[in-house]
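File shown: query.txt (compact mmCIF, C-alpha atoms and all ligand atoms).
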# COMPACT_ATOMS: atom_id res chain seq x y z
CA MET A 1 -72.94 53.20 35.56
CA ASN A 2 -70.72 50.15 35.37
CA PHE A 3 -73.52 48.05 33.91
CA ILE A 4 -73.57 50.21 30.75
CA LYS A 5 -69.76 50.11 30.50
CA ASN A 6 -69.95 46.31 30.69
CA LEU A 7 -72.53 46.24 27.91
CA GLU A 8 -70.30 48.45 25.77
CA TRP A 9 -67.33 46.17 26.48
CA ARG A 10 -69.02 42.90 25.55
CA HIS A 11 -69.49 41.67 22.01
CA ALA A 12 -70.68 38.47 20.40
CA THR A 13 -67.26 36.83 20.23
CA LYS A 14 -66.55 34.97 17.01
CA LYS A 15 -63.04 33.75 17.81
CA PHE A 16 -62.08 32.45 21.24
CA ASP A 17 -58.61 31.74 22.61
CA SER A 18 -58.93 27.99 23.12
CA SER A 19 -56.01 27.94 25.60
CA LYS A 20 -57.96 29.98 28.17
CA LYS A 21 -60.51 28.37 30.49
CA VAL A 22 -63.23 29.93 32.61
CA SER A 23 -62.39 29.14 36.25
CA SER A 24 -64.74 27.04 38.35
CA GLU A 25 -65.26 30.06 40.67
CA ASN A 26 -66.44 32.20 37.75
CA LEU A 27 -68.54 29.35 36.40
CA GLU A 28 -70.33 29.19 39.77
CA LEU A 29 -71.06 32.94 39.56
CA ILE A 30 -72.46 32.57 36.05
CA LYS A 31 -74.60 29.64 37.24
CA LYS A 32 -75.87 31.77 40.13
CA ALA A 33 -76.84 34.58 37.70
CA ILE A 34 -78.76 32.06 35.59
CA GLN A 35 -80.38 30.52 38.67
CA LEU A 36 -81.60 33.95 39.81
CA SER A 37 -83.28 34.72 36.48
CA PRO A 38 -86.97 35.50 36.69
CA SER A 39 -89.41 33.15 34.96
CA SER A 40 -93.12 33.00 34.33
CA TYR A 41 -94.86 32.05 37.62
CA GLY A 42 -91.31 31.30 38.86
CA LEU A 43 -91.55 27.79 37.41
CA GLN A 44 -88.11 27.75 35.69
CA LEU A 45 -89.31 25.30 33.06
CA TYR A 46 -85.86 24.70 31.63
CA LYS A 47 -82.57 22.98 32.24
CA VAL A 48 -79.13 24.35 31.43
CA LEU A 49 -76.40 22.04 30.15
CA ILE A 50 -72.78 23.04 30.65
CA ILE A 51 -70.57 21.24 28.17
CA GLU A 52 -66.82 21.13 28.41
CA SER A 53 -66.05 17.86 26.61
CA LYS A 54 -64.22 18.60 23.35
CA ALA A 55 -65.41 15.35 21.77
CA LEU A 56 -69.05 16.16 22.45
CA ARG A 57 -68.56 19.74 21.27
CA GLU A 58 -67.02 18.47 18.00
CA LYS A 59 -70.28 16.57 17.36
CA LEU A 60 -72.35 19.63 18.25
CA LYS A 61 -70.22 21.89 16.04
CA ALA A 62 -71.31 19.83 13.03
CA ALA A 63 -74.90 20.63 14.07
CA SER A 64 -74.03 24.35 14.46
CA TYR A 65 -73.11 25.16 10.85
CA GLY A 66 -69.47 24.53 11.78
CA GLN A 67 -69.25 27.68 13.91
CA SER A 68 -65.80 27.61 15.49
CA GLN A 69 -66.92 29.11 18.80
CA ILE A 70 -68.50 25.78 19.75
CA THR A 71 -65.12 24.06 20.12
CA GLU A 72 -62.75 27.01 20.65
CA ALA A 73 -64.60 28.53 23.61
CA SER A 74 -64.03 27.34 27.15
CA HIS A 75 -67.57 26.02 27.64
CA LEU A 76 -70.75 25.59 25.65
CA ILE A 77 -73.99 26.36 27.46
CA VAL A 78 -77.21 24.86 26.11
CA PHE A 79 -80.48 26.30 27.40
CA CYS A 80 -83.18 23.63 27.12
CA ASN A 81 -86.86 24.35 27.61
CA TYR A 82 -89.27 21.64 28.77
CA SER A 83 -91.35 20.88 25.68
CA VAL A 84 -93.42 18.49 27.75
CA VAL A 85 -94.89 20.42 30.69
CA THR A 86 -96.65 18.22 33.23
CA GLU A 87 -98.64 18.86 36.40
CA LYS A 88 -95.66 17.31 38.22
CA HIS A 89 -93.58 20.40 37.29
CA ILE A 90 -96.11 22.63 39.01
CA GLU A 91 -96.42 20.35 42.03
CA GLU A 92 -92.63 20.25 42.43
CA TYR A 93 -92.52 24.05 42.29
CA PHE A 94 -95.13 24.40 45.04
CA ALA A 95 -93.41 21.74 47.18
CA LEU A 96 -90.20 23.79 46.93
CA LYS A 97 -92.03 27.07 47.58
CA SER A 98 -93.75 25.58 50.62
CA GLN A 99 -90.41 24.33 51.97
CA ILE A 100 -88.58 27.65 51.40
CA GLU A 101 -91.39 29.94 52.56
CA LYS A 102 -92.40 27.56 55.39
CA VAL A 103 -96.03 27.76 54.34
CA ASP A 104 -98.42 24.80 54.29
CA ILE A 105 -98.58 23.51 50.69
CA LEU A 106 -102.39 23.36 50.94
CA ASP A 107 -102.42 27.17 51.20
CA TYR A 108 -101.23 27.31 47.56
CA LYS A 109 -103.90 24.95 46.27
CA GLY A 110 -106.01 27.63 44.56
CA TYR A 111 -103.00 29.28 42.92
CA SER A 112 -101.58 25.92 41.85
CA GLU A 113 -104.90 24.91 40.24
CA PHE A 114 -105.02 28.28 38.47
CA ILE A 115 -101.55 27.77 36.97
CA LYS A 116 -102.35 24.19 35.92
CA ALA A 117 -105.52 25.38 34.17
CA ASP A 118 -103.63 28.21 32.45
CA ILE A 119 -100.99 25.79 31.16
CA ASN A 120 -103.53 23.13 30.16
CA ASN A 121 -105.27 25.78 28.06
CA LYS A 122 -102.16 26.36 25.96
CA SER A 123 -101.61 24.47 22.73
CA GLN A 124 -98.32 22.57 22.34
CA ILE A 125 -97.00 25.38 20.10
CA GLU A 126 -97.92 27.98 22.73
CA LYS A 127 -96.28 25.91 25.47
CA ASP A 128 -93.08 25.55 23.44
CA LYS A 129 -92.93 29.27 22.77
CA TRP A 130 -93.73 30.12 26.39
CA THR A 131 -91.10 27.83 27.91
CA SER A 132 -88.41 28.70 25.37
CA ASN A 133 -89.05 32.43 25.95
CA GLN A 134 -88.00 31.93 29.57
CA THR A 135 -84.60 30.61 28.53
CA TYR A 136 -83.80 33.92 26.82
CA LEU A 137 -84.06 35.74 30.14
CA ALA A 138 -81.54 33.29 31.58
CA LEU A 139 -79.36 33.83 28.49
CA GLY A 140 -79.52 37.60 29.09
CA ASN A 141 -78.36 37.15 32.67
CA LEU A 142 -75.52 34.92 31.50
CA LEU A 143 -74.38 37.60 29.04
CA ASN A 144 -74.55 40.34 31.67
CA ALA A 145 -72.78 38.27 34.32
CA CYS A 146 -70.05 37.36 31.83
CA ALA A 147 -69.60 41.02 30.88
CA GLU A 148 -69.13 41.98 34.52
CA LEU A 149 -66.59 39.19 34.97
CA LYS A 150 -64.82 40.22 31.73
CA ILE A 151 -65.58 36.84 30.28
CA ASP A 152 -66.46 36.77 26.60
CA ALA A 153 -69.59 35.12 25.30
CA CYS A 154 -71.48 34.53 22.11
CA PRO A 155 -75.25 34.01 22.19
CA MET A 156 -76.20 31.65 19.36
CA GLU A 157 -79.28 30.47 17.56
CA GLY A 158 -77.32 29.16 14.60
CA PHE A 159 -77.69 25.47 15.37
CA ASP A 160 -79.98 22.61 14.40
CA ALA A 161 -82.18 22.10 17.46
CA LYS A 162 -83.41 18.69 16.29
CA GLU A 163 -79.82 17.45 15.89
CA TYR A 164 -78.86 18.86 19.31
CA ASN A 165 -81.88 17.10 20.85
CA LYS A 166 -80.72 13.85 19.30
CA ILE A 167 -77.04 14.17 20.23
CA LEU A 168 -77.83 15.23 23.80
CA ASN A 169 -80.73 12.77 24.29
CA LEU A 170 -83.02 15.65 25.18
CA ASP A 171 -86.23 14.20 23.73
CA GLU A 172 -86.34 11.43 26.30
CA GLN A 173 -86.19 14.02 29.10
CA GLY A 174 -89.00 16.08 27.55
CA LEU A 175 -86.46 18.80 26.78
CA ASN A 176 -85.67 20.84 23.68
CA SER A 177 -82.56 22.93 22.92
CA ALA A 178 -83.83 26.51 22.70
CA VAL A 179 -80.73 28.70 22.53
CA ILE A 180 -77.02 28.30 23.23
CA ALA A 181 -74.07 30.40 24.31
CA THR A 182 -70.34 29.90 24.21
CA ILE A 183 -68.20 31.44 26.95
CA GLY A 184 -64.46 31.95 27.28
CA TYR A 185 -61.88 34.54 26.33
CA ARG A 186 -61.53 36.41 23.04
CA SER A 187 -58.61 35.51 20.83
CA ALA A 188 -56.05 38.17 19.92
CA ASN A 189 -57.08 37.33 16.33
CA ASP A 190 -60.77 37.96 16.95
CA SER A 191 -61.59 40.60 14.35
CA THR A 192 -64.96 41.36 15.98
CA ARG A 193 -63.23 42.61 19.15
CA TYR A 194 -62.71 45.98 17.43
CA ALA A 195 -66.16 46.13 15.87
CA LYS A 196 -68.26 49.21 16.59
CA LYS A 197 -71.63 48.68 18.25
CA VAL A 198 -74.36 48.89 15.63
CA ARG A 199 -77.54 49.91 17.41
CA LYS A 200 -80.61 51.93 16.40
CA SER A 201 -80.67 55.44 17.81
CA THR A 202 -82.72 55.82 20.99
CA GLU A 203 -84.99 58.17 18.99
CA SER A 204 -85.99 55.40 16.60
CA LEU A 205 -85.97 52.60 19.19
CA PHE A 206 -88.21 54.34 21.71
CA GLU A 207 -91.49 56.08 21.30
CA LEU A 208 -93.08 58.09 24.06
CA ARG A 209 -96.80 57.51 24.42
CA ASN A 210 -98.65 59.72 26.81
CA LEU A 211 -102.19 59.08 25.72
C1 LIG B 1 -80.60 35.14 20.02
C2 LIG B 1 -79.28 35.42 19.34
C3 LIG B 1 -78.78 34.52 18.43
C4 LIG B 1 -77.53 34.73 17.85
N1 LIG B 1 -76.97 33.76 17.04
C5 LIG B 1 -75.68 33.90 16.64
C6 LIG B 1 -75.01 32.82 16.00
O1 LIG B 1 -75.55 31.74 15.76
N2 LIG B 1 -73.72 33.02 15.64
C7 LIG B 1 -73.05 34.18 15.90
O2 LIG B 1 -71.86 34.28 15.58
N3 LIG B 1 -73.68 35.21 16.51
C8 LIG B 1 -74.95 35.10 16.91
N4 LIG B 1 -75.57 36.12 17.58
C9 LIG B 1 -74.83 37.36 17.84
C10 LIG B 1 -75.45 38.58 17.17
O3 LIG B 1 -75.16 38.58 15.81
C11 LIG B 1 -74.91 39.84 17.89
O4 LIG B 1 -75.32 39.80 19.23
C12 LIG B 1 -75.39 41.13 17.25
O5 LIG B 1 -74.90 41.25 15.95
C13 LIG B 1 -74.99 42.35 18.05
O6 LIG B 1 -73.61 42.40 18.22
P1 LIG B 1 -72.92 42.42 19.67
O7 LIG B 1 -73.59 41.33 20.50
O8 LIG B 1 -71.49 42.10 19.41
O9 LIG B 1 -73.12 43.77 20.29
C14 LIG B 1 -76.81 35.93 18.14
C15 LIG B 1 -77.36 36.84 19.05
C16 LIG B 1 -78.56 36.58 19.66
C17 LIG B 1 -79.07 37.56 20.70
Could the structure of this file be written out as structure tokens, please?
Amino acid sequence: MNFIKNLEWRHATKKFDSSKKVSSENLELIKKAIQLSPSSYGLQLYKVLIIESKALREKLKAASYGQSQITEASHLIVFCNYSVVTEKHIEEYFALKSQIEKVDILDYKGYSEFIKADINNKSQIEKDKWTSNQTYLALGNLLNACAELKIDACPMEGFDAKEYNKILNLDEQGLNSAVIATIGYRSANDSTRYAKKVRKSTESLFELRNL
């Protein structure tokens, strides 16, 4: 299975070759993989920033514990969850669903009200957790798409979300930086390229329950 071979090939790249860029064709494929990610109720309550600007990445590097991937990679991807979820988000989703499925929007009224009530019942902390969880599925698809395209990536949580929010003006859009990834091509000097995969054995990771 190629998928498994791809997963064995990929690694969280620490050192990128800054002279190599991800092509716009490949970037479109990665965007498509992110776009096709599943999400709770299908609402996709997040936005994905693609950052190429070196100057902006220099600022963000300072808010990422100086991790060199931020500036050496080809692109920095910032997955931002909506920290402010409004009824408008749900209405926009059903307007889109109605248009794509060619179904009268009024037919979704009951379902739409159900989702609104479910979300209104969540505390702000629960909403934040729920919407940021969705971004990790998109991150997973990015990593898998990159591996198939033989593009290196590093998923990263080592950054100051509050600083990112400030630098990227996310607060005013009701957004929050949840998780980031750098993509590009591994450097010949990347010591982690030879690292062995450290994973729990399947015996300890899985437990069969039949009762
Ligand atoms: C959510 C998440 C956050 C991570 N944050 C960082 C990070 O800030 N910096 C970094 O160099 N690696 C980071 N990593 C990479 C992990 O350390 C790496 O995936 C793990 O050690 C397994 O190694 P592998 O991905 O090379 O197989 C992160 C990985 C994940 C999934």
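Note that CA of Asn189 (chain A) and CA of Leu29 (chain A) are 27.5 Å apart.
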Listed atoms of ligand LIG 1 (chain B) boxed along x, y and z, 8 Å each side, centre and edge lengths in Å, one decimal, as AutoDock Vina command-line options:
--center_x -76.0 --center_y 37.8 --center_z 18.1 --size_x 25.1 --size_y 28.0 --size_z 21.1
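Taking CA of Lys122 (chain A) and CA of Tyr108 (chain A) as endpoints, the distance between them is 21.6 Å.
Our summary of the geometry notes that atom N4 of ligand LIG 1 (chain B) is positioned 5.1 Å from CA of Pro155 (chain A).
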| said: Using only C-alpha atoms, which protein or nucleic acid residues come within 12 Å of Asn120 (chain A)? Drop anything in the same chain fewer than 6 positions from it, and give the result as a ChimeraX atom specification. | reply: /A:84-87,90,113-114,126-127
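Closest approach to Ile119 (chain A) from the set A:Gly140, A:Leu43, A:Arg199, A:Gln99 is made by A:Leu43, with distances taken over all atoms listed in the file.
Closest approach to ligand LIG 1 (chain B) among A:Pro38, A:Gly66, A:Gly158, A:Gly174 is made by A:Gly158 (distances from only C-alpha atoms and all ligand atoms).
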| message | Could you list, as a VMD selection string, all residues that come within 10 Å of ligand LIG 1 (chain B)? Count only C-alpha atoms and all ligand atoms. | response | chain A and resid 7 to 15 64 to 65 67 to 70 136 139 to 140 143 153 to 159 178 to 182 192 to 199
| Gly184 (chain A): which residues within 7 Å, counting all atoms listed in the file, same-chain residues fewer than 3 positions away excluded, as JSON, numbers by chain? | {"A": [16, 20, 21, 22, 73, 74, 75, 151, 152, 153]}
Please output region 72-88 of chain A, rebuilt to include N, CA, C and O atoms, as a tab-separated table (two decimals), keeping the file's coordinate frame.
chain	number	residue	atom	x	y	z
A	72	GLU	N	-63.88	26.17	20.19
A	72	GLU	CA	-62.75	27.01	20.65
A	72	GLU	C	-63.01	27.69	21.99
A	72	GLU	O	-62.07	28.07	22.69
A	73	ALA	N	-64.28	27.87	22.33
A	73	ALA	CA	-64.60	28.53	23.61
A	73	ALA	C	-64.24	27.60	24.76
A	73	ALA	O	-63.95	26.41	24.56
A	74	SER	N	-64.32	28.15	25.96
A	74	SER	CA	-64.03	27.34	27.15
A	74	SER	C	-65.17	26.36	27.43
A	74	SER	O	-64.94	25.18	27.70
A	75	HIS	N	-66.40	26.87	27.37
A	75	HIS	CA	-67.57	26.02	27.64
A	75	HIS	C	-68.70	26.37	26.67
A	75	HIS	O	-68.82	27.52	26.24
A	76	LEU	N	-69.52	25.38	26.43
A	76	LEU	CA	-70.75	25.59	25.65
A	76	LEU	C	-71.93	25.43	26.61
A	76	LEU	O	-71.99	24.44	27.36
A	77	ILE	N	-72.81	26.40	26.58
A	77	ILE	CA	-73.99	26.36	27.46
A	77	ILE	C	-75.22	26.16	26.58
A	77	ILE	O	-75.43	26.92	25.63
A	78	VAL	N	-76.00	25.14	26.89
A	78	VAL	CA	-77.21	24.86	26.11
A	78	VAL	C	-78.44	25.06	27.00
A	78	VAL	O	-78.59	24.37	28.02
A	79	PHE	N	-79.26	26.03	26.64
A	79	PHE	CA	-80.48	26.30	27.40
A	79	PHE	C	-81.61	25.45	26.81
A	79	PHE	O	-81.94	25.62	25.63
A	80	CYS	N	-82.17	24.56	27.62
A	80	CYS	CA	-83.18	23.63	27.12
A	80	CYS	C	-84.51	23.88	27.82
A	80	CYS	O	-84.59	23.79	29.05
A	81	ASN	N	-85.53	24.17	27.02
A	81	ASN	CA	-86.86	24.35	27.61
A	81	ASN	C	-87.57	23.00	27.70
A	81	ASN	O	-87.32	22.09	26.89
A	82	TYR	N	-88.46	22.85	28.69
A	82	TYR	CA	-89.27	21.64	28.77
A	82	TYR	C	-90.37	21.74	27.71
A	82	TYR	O	-91.22	22.63	27.79
A	83	SER	N	-90.31	20.87	26.71
A	83	SER	CA	-91.35	20.88	25.68
A	83	SER	C	-92.56	20.12	26.19
A	83	SER	O	-93.68	20.33	25.74
A	84	VAL	N	-92.30	19.20	27.13
A	84	VAL	CA	-93.42	18.49	27.75
A	84	VAL	C	-93.57	19.06	29.17
A	84	VAL	O	-92.71	18.85	30.02
A	85	VAL	N	-94.64	19.84	29.36
A	85	VAL	CA	-94.89	20.42	30.69
A	85	VAL	C	-95.98	19.59	31.36
A	85	VAL	O	-97.06	19.39	30.80
A	86	THR	N	-95.67	19.07	32.55
A	86	THR	CA	-96.65	18.22	33.23
A	86	THR	C	-97.07	18.88	34.55
A	86	THR	O	-96.42	19.80	35.04
A	87	GLU	N	-98.16	18.34	35.11
A	87	GLU	CA	-98.64	18.86	36.40
A	87	GLU	C	-97.57	18.63	37.48
A	87	GLU	O	-97.50	19.37	38.45
A	88	LYS	N	-96.74	17.61	37.26
A	88	LYS	CA	-95.66	17.31	38.22
A	88	LYS	C	-94.71	18.51	38.35
A	88	LYS	O	-94.22	18.81	39.44
